[in-house]
Amino acid sequence: MNRKRWVRWLIFAVIVLIYVWTFWGLPLSGIKETAGQITRSIFRGLFHPDWGYVYLPDGEDLLRGLLDTLAIAVLGTFISAILCVPFAFWASANRGKSRVHSGTGKVILSVVRTFPEIILALLFIKAVGPGSFAGALALGLHSIGMLGKLFAEEIENMDAGPTEALIATGASRMQILWFAILPQVLPGFLSYTLYRFELNVRSATILGIIGAGGIGTPLIFALNTRHWDRVGIILLGIIVTVTLIDLASGYFRRKLA
Amino acid sequence: MNGTPTPSAALPKPPRKLKHLLTLVLVILLLWGSAHRIEASFGRLFKGLPNMWDLIAEMFPPKWTYFDNVVQPMLDTIRMAIAGTTLGAIVAVPIAVLAASNMVRSPWIYQFFRIVLNLLRTVPDLLLAALFVAIFGLGMIPGILALAVFSVGLIAKLTYESLETIDRGPMEAMTSVGANKLQLILFSVVPQMIPYFISYVLYTLEINVRAAAVLGLVGAGGIGLYYEKTLGFLEYDKTNAIILFTLAIVLAVDYLSTKLREKLL
Amino acid sequence: MIELRNVSKIYPNGTKGLNNINLTFGKGEFVVVVGLSGAGKSTLLRSINRLHEISEGDIRIQGQSITAAKGVQLRRIRRGIGMVFQSFNLVKRSSVLRNVLAGRVGYHSTLRTLFGFPKHDVELALQALGRVNIAEKAYTRADQLSGGQQQRVAIARVLAQEAQIILADEPVASLDPLTTKQVMDDLQRINQELGITTIVNLHYIDLAREYATRIVGLRAGEVVFDGPVSEATDERFAEIYGRPIQRDELLEVAQP
């Protein structure tokens, strides 16, 4: 009993220490005096957006920026959904594999997941030049980490019965995969891919900040040049697009379940 | 088989495969259109790959001595994550209660807060950071605020969803002894929710540590600034040192947080 | 037809699953294996098509040793042995027809089966479904069928496989008494009409007496009874089980 109380106090002390360290000397100064004014400007921009920017005949407008963003997300999601499959089978802990074997796969996936897409985008820009393609490659590589993990869990939760039945009919390994495993895991795979697509649309909106294409580029430009009404219309565009994609994707995912 | 064949008239017609075919065609069109739109091509990728290899080659060996320069920004990154998550968690509590259909009677109120939460979660944290940098100027403050706003969206959503599934037994017991609404929440809801809530906060902290590591790219403090600095000066061995450092910190935070969450639930 | 010689199975943890089993099953027999759970019924059945490896001895299927077979040879032997499972083991999201066609994969190269089956196979599968009276469900998803119907699909899969031997591991354990009868009737009819050797594990002894031409009793991995139904009296069952028959071991009594 005494010991338990002691542990509680220790935990409490550690938490207090962490918070003292966190907030001690946090630079609260240095806030611009214009903060309030700019906030008001941004809100005014949100409610009086630059509608003219939605479509411009000679390119570089909101619709095309959003279209690029979606294209980056679609391609990035596709790349990762294909590339993650072998990793998922590697990392799944059933089908009579050793724990070391699947554990290695899991560690690799979590390392991949740890690399932020924006850093990967910086690297891909060095390889294929700035633009949307670098962004799509970055999303594709980064998403392998999460999709691979989700796919692996889907494989682990699979019913082993059909596999057993296929072995008993004299099927080869590929035939077992095709007739017993894929039909079971494919709907789950598709559902997770759609979910990842939702996240990738969000991620794709920020890639432009470092020059990897999409709506982020004009947004950061509008922010730097203080075109608040343009910031407003771009933010609205992003919010509407992401919401619509979420709704559509959610609808398809419910149909798959 | 040598038995009597079944009369084929009794057999059902195979279903049309048109729907599947159409879906497939649509998906292919979507992919092709996207690839066309962003000028993706294997040619470009293969041409770029040697550059990529050169870059990776230059990253090794990592410049370990650069650690001394980035320890302080890394600590700042962690502080930003903790501060942002805490702020977000505090704000998330009342919002979660207001968004839960078993806490608030009027569907107008809880639906309103759900829509607000959904809208909050449409804006990625790096974008929020860019906005806050425009408002408050460079530094950790816009970073912390961006993480806080993002955390509100996530924590409040997870919390209200599990609020709606809590056991009603203790609540009814409290009502039967004549407790008022506030007492009800304090003595029957809070004890049930605390482990879940802490678990969500820790989970959000994991995400925020990752996010905080890149906020510097838009000038919102932390280690992210040094990615751009070192890449800009083509000092890839230094970049690699930062990447490995970040990786180690993120994995360590993930590990600690996961262990704590397992203990809680 | 099927020969088990000195077959023993020892699990990694040291327990003996099967202990020096010697059995021979002839063509067209309808054998029911009875015994308490854990007596080794399932292990015995799964050893015959080598879903379980045995530790000692040899099992021969029509003269060929499945114990020594490898790769293609093993798959060829398995192709001749159909199996029906307690939990049906269908791919629930696939159509009934596709599940039945899975029985045909052993006859074709992997590549051939990826791009659809020959017409002959589809006809064979539909015929098999007709034989168990659910041809009209061919394009329904398997998970929309009742348990009894699913088990009949599994039997159709075995028929489409054109197996000479059917192994059924507790095929009615997840079914209600009425569908139990239907499934057992299907198995019996197929056994009699097509002369397929059938080996069934059963929990209910009255069911065993009703359908079997021969009963094998297992206890602690050893054969303690092997003979025609007429010899399988209540007294002999009491010996097999090591105690008098209990009510839940009789289908009619357990589920009136």
# chains A, B, ... in the order shown; residues from 1 in each chain; ligands from 1
>>> residues_around(residues="Ile155 (chain B)", least_positions_apart="2", cutoff="7 Å", atoms="only C-alpha atoms", output="MDAnalysis selection string")
chainID B and resid 89 92 151:153 157:159 200:201
>>> write_last_selection(atoms="C-alpha atoms", output="mmCIF file, in the first residue's frame")
data_model
loop_
_atom_site.group_PDB
_atom_site.id
_atom_site.type_symbol
_atom_site.label_atom_id
_atom_site.label_comp_id
_atom_site.auth_asym_id
_atom_site.auth_seq_id
_atom_site.Cartn_x
_atom_site.Cartn_y
_atom_site.Cartn_z
ATOM 1 C CA ALA B 89 -6.071 18.539 -24.608
ATOM 2 C CA ALA B 92 -10.650 19.463 -26.202
ATOM 3 C CA SER B 151 -4.702 18.350 -31.183
ATOM 4 C CA VAL B 152 -8.115 19.775 -30.313
ATOM 5 C CA GLY B 153 -9.527 18.245 -33.493
ATOM 6 C CA LYS B 157 -13.098 13.518 -31.748
ATOM 7 C CA LEU B 158 -11.603 10.402 -30.122
ATOM 8 C CA THR B 159 -12.915 11.457 -26.715
ATOM 9 C CA TYR B 200 -5.617 9.653 -26.624
ATOM 10 C CA VAL B 201 -3.449 12.506 -25.384
#
>>> interface_residues(of="chain A", to="chain B", cutoff="6 Å", atoms="only C-alpha atoms", output="list of chain:residue names")
A:Thr22, A:Ile31, A:Lys32, A:Ala35, A:Ile38, A:Ala71, A:Ala127, A:Val128, A:Ser132, A:Phe133, A:Arg202, A:Ile239, A:Val242
>>> closest_atom_pairs(of="chain C", to="chain B", cutoff="8 Å", atoms="only C-alpha atoms", output="Markdown table")
| residue | atom | partner | partner_atom | distance |
| --- | --- | --- | --- | --- |
| C:Leu124 | CA | B:Met1 | CA | 7.7 |
| C:Leu126 | CA | B:Thr6 | CA | 7.9 |
| C:Gln127 | CA | B:Thr6 | CA | 5.6 |
| C:Gly130 | CA | B:Thr6 | CA | 5.8 |
| C:Arg131 | CA | B:Thr6 | CA | 7.7 |
| C:Ala135 | CA | B:Leu11 | CA | 6.1 |
| C:Glu136 | CA | B:Pro12 | CA | 5.6 |
| C:Lys137 | CA | B:Pro12 | CA | 7.6 |
| C:Ala138 | CA | B:Pro12 | CA | 7.1 |
| C:Tyr139 | CA | B:Pro14 | CA | 6.4 |
| C:Leu159 | CA | B:Met1 | CA | 7.6 |
| C:Ala160 | CA | B:Met1 | CA | 7.9 |
| C:Glu162 | CA | B:Met1 | CA | 6.5 |
| C:Glu193 | CA | B:Gly3 | CA | 7.9 |
| C:Leu194 | CA | B:Gly3 | CA | 7.7 |
>>> interface_residues(of="chain C", to="chain A", cutoff="10 Å", atoms="only C-alpha atoms", output="JSON, numbers by chain")
{"C": [46, 49, 50, 51, 71, 72, 73, 74, 75, 76, 77, 78, 79, 80, 81, 82, 83, 84, 85, 86, 87, 88, 89, 90, 91, 92, 93, 94, 98, 99, 101, 102, 103, 104, 105, 106, 107, 108, 109, 110, 111, 113, 114, 154, 157, 158, 161, 163, 167]}
>>> write_last_selection(atoms="C-alpha atoms", output="tab-separated table (two decimals), in the first residue's frame")
chain	number	residue	atom	x	y	z
C	46	ARG	CA	-5.41	-34.75	-41.16
C	49	ASN	CA	-3.81	-35.94	-46.55
C	50	ARG	CA	-0.79	-34.64	-44.64
C	51	LEU	CA	-2.30	-31.44	-43.34
C	71	GLY	CA	6.05	-30.89	-54.31
C	72	VAL	CA	4.01	-31.75	-57.38
C	73	GLN	CA	3.72	-35.39	-56.37
C	74	LEU	CA	2.25	-34.44	-52.97
C	75	ARG	CA	-0.22	-32.04	-54.62
C	76	ARG	CA	-1.27	-34.79	-57.07
C	77	ILE	CA	-2.06	-37.16	-54.20
C	78	ARG	CA	-3.92	-34.44	-52.30
C	79	ARG	CA	-5.96	-33.72	-55.42
C	80	GLY	CA	-7.44	-37.20	-55.11
C	81	ILE	CA	-8.47	-36.66	-51.50
C	82	GLY	CA	-11.32	-34.25	-50.80
C	83	MET	CA	-11.79	-32.75	-47.37
C	84	VAL	CA	-14.86	-31.41	-45.59
C	85	PHE	CA	-14.29	-29.31	-42.46
C	86	GLN	CA	-16.26	-28.54	-39.34
C	87	SER	CA	-16.20	-24.80	-40.09
C	88	PHE	CA	-16.82	-25.30	-43.85
C	89	ASN	CA	-13.67	-23.29	-44.73
C	90	LEU	CA	-15.26	-21.43	-47.60
C	91	VAL	CA	-14.04	-18.05	-48.80
C	92	LYS	CA	-17.04	-16.17	-47.45
C	93	ARG	CA	-16.80	-13.18	-49.78
C	94	SER	CA	-16.48	-15.27	-52.95
C	98	ARG	CA	-15.95	-19.85	-57.21
C	99	ASN	CA	-15.66	-21.78	-53.97
C	101	LEU	CA	-14.15	-24.22	-58.58
C	102	ALA	CA	-11.41	-23.99	-55.97
C	103	GLY	CA	-11.65	-27.78	-55.95
C	104	ARG	CA	-10.41	-27.77	-59.55
C	105	VAL	CA	-7.20	-25.80	-59.08
C	106	GLY	CA	-5.11	-28.94	-58.60
C	107	TYR	CA	-5.83	-29.95	-62.20
C	108	HIS	CA	-4.38	-26.85	-63.83
C	109	SER	CA	-1.20	-24.85	-63.91
C	110	THR	CA	-1.12	-21.82	-61.66
C	111	LEU	CA	-1.15	-19.44	-64.61
C	113	THR	CA	-6.26	-20.73	-63.04
C	114	LEU	CA	-5.46	-17.02	-62.66
C	154	ALA	CA	-18.01	-27.60	-49.30
C	157	ARG	CA	-16.14	-28.55	-53.80
C	158	VAL	CA	-14.99	-32.08	-52.99
C	161	GLN	CA	-12.38	-32.16	-57.20
C	163	ALA	CA	-11.71	-37.12	-55.44
C	167	LEU	CA	-12.29	-36.99	-45.42
>>> atom_distance(atom1="CA of Leu83 (chain A)", atom2="CA of Phe151 (chain A)")
11.5 Å
>>> residues_around(residues="Gln62 (chain C)", least_positions_apart="5", cutoff="10 Å", atoms="only C-alpha atoms", output="PDB file with N, CA, C and O atoms, in the first residue's frame")
ATOM      1  N   MET C   1      -6.462 -49.282 -50.570  1.00  0.00           N
ATOM      2  CA  MET C   1      -6.814 -47.895 -50.921  1.00  0.00           C
ATOM      3  C   MET C   1      -6.080 -46.906 -50.005  1.00  0.00           C
ATOM      4  O   MET C   1      -5.278 -46.113 -50.460  1.00  0.00           O
ATOM      5  N   ILE C   2      -6.367 -46.991 -48.704  1.00  0.00           N
ATOM      6  CA  ILE C   2      -5.612 -46.184 -47.743  1.00  0.00           C
ATOM      7  C   ILE C   2      -5.002 -47.124 -46.713  1.00  0.00           C
ATOM      8  O   ILE C   2      -5.694 -47.947 -46.129  1.00  0.00           O
ATOM      9  N   GLU C   3      -3.714 -46.986 -46.551  1.00  0.00           N
ATOM     10  CA  GLU C   3      -3.020 -47.865 -45.608  1.00  0.00           C
ATOM     11  C   GLU C   3      -2.221 -47.044 -44.616  1.00  0.00           C
ATOM     12  O   GLU C   3      -1.393 -46.228 -45.011  1.00  0.00           O
ATOM     13  N   GLY C  26     -10.725 -49.812 -47.384  1.00  0.00           N
ATOM     14  CA  GLY C  26     -10.940 -50.281 -48.759  1.00  0.00           C
ATOM     15  C   GLY C  26     -11.816 -49.337 -49.545  1.00  0.00           C
ATOM     16  O   GLY C  26     -12.450 -48.434 -48.991  1.00  0.00           O
ATOM     17  N   LYS C  27     -11.871 -49.553 -50.869  1.00  0.00           N
ATOM     18  CA  LYS C  27     -12.661 -48.687 -51.736  1.00  0.00           C
ATOM     19  C   LYS C  27     -14.141 -48.767 -51.413  1.00  0.00           C
ATOM     20  O   LYS C  27     -14.688 -49.839 -51.184  1.00  0.00           O
ATOM     21  N   ILE C  77      -1.377 -36.229 -55.106  1.00  0.00           N
ATOM     22  CA  ILE C  77      -2.061 -37.160 -54.198  1.00  0.00           C
ATOM     23  C   ILE C  77      -3.192 -36.433 -53.474  1.00  0.00           C
ATOM     24  O   ILE C  77      -4.309 -36.934 -53.359  1.00  0.00           O
ATOM     25  N   GLY C  80      -6.538 -36.059 -55.144  1.00  0.00           N
ATOM     26  CA  GLY C  80      -7.439 -37.202 -55.109  1.00  0.00           C
ATOM     27  C   GLY C  80      -8.169 -37.379 -53.789  1.00  0.00           C
ATOM     28  O   GLY C  80      -8.970 -38.295 -53.644  1.00  0.00           O
ATOM     29  N   GLN C 164     -11.266 -39.459 -55.065  1.00  0.00           N
ATOM     30  CA  GLN C 164     -11.652 -40.852 -54.833  1.00  0.00           C
ATOM     31  C   GLN C 164     -11.880 -41.111 -53.351  1.00  0.00           C
ATOM     32  O   GLN C 164     -12.389 -42.145 -52.951  1.00  0.00           O
TER      33      GLN C 164
END
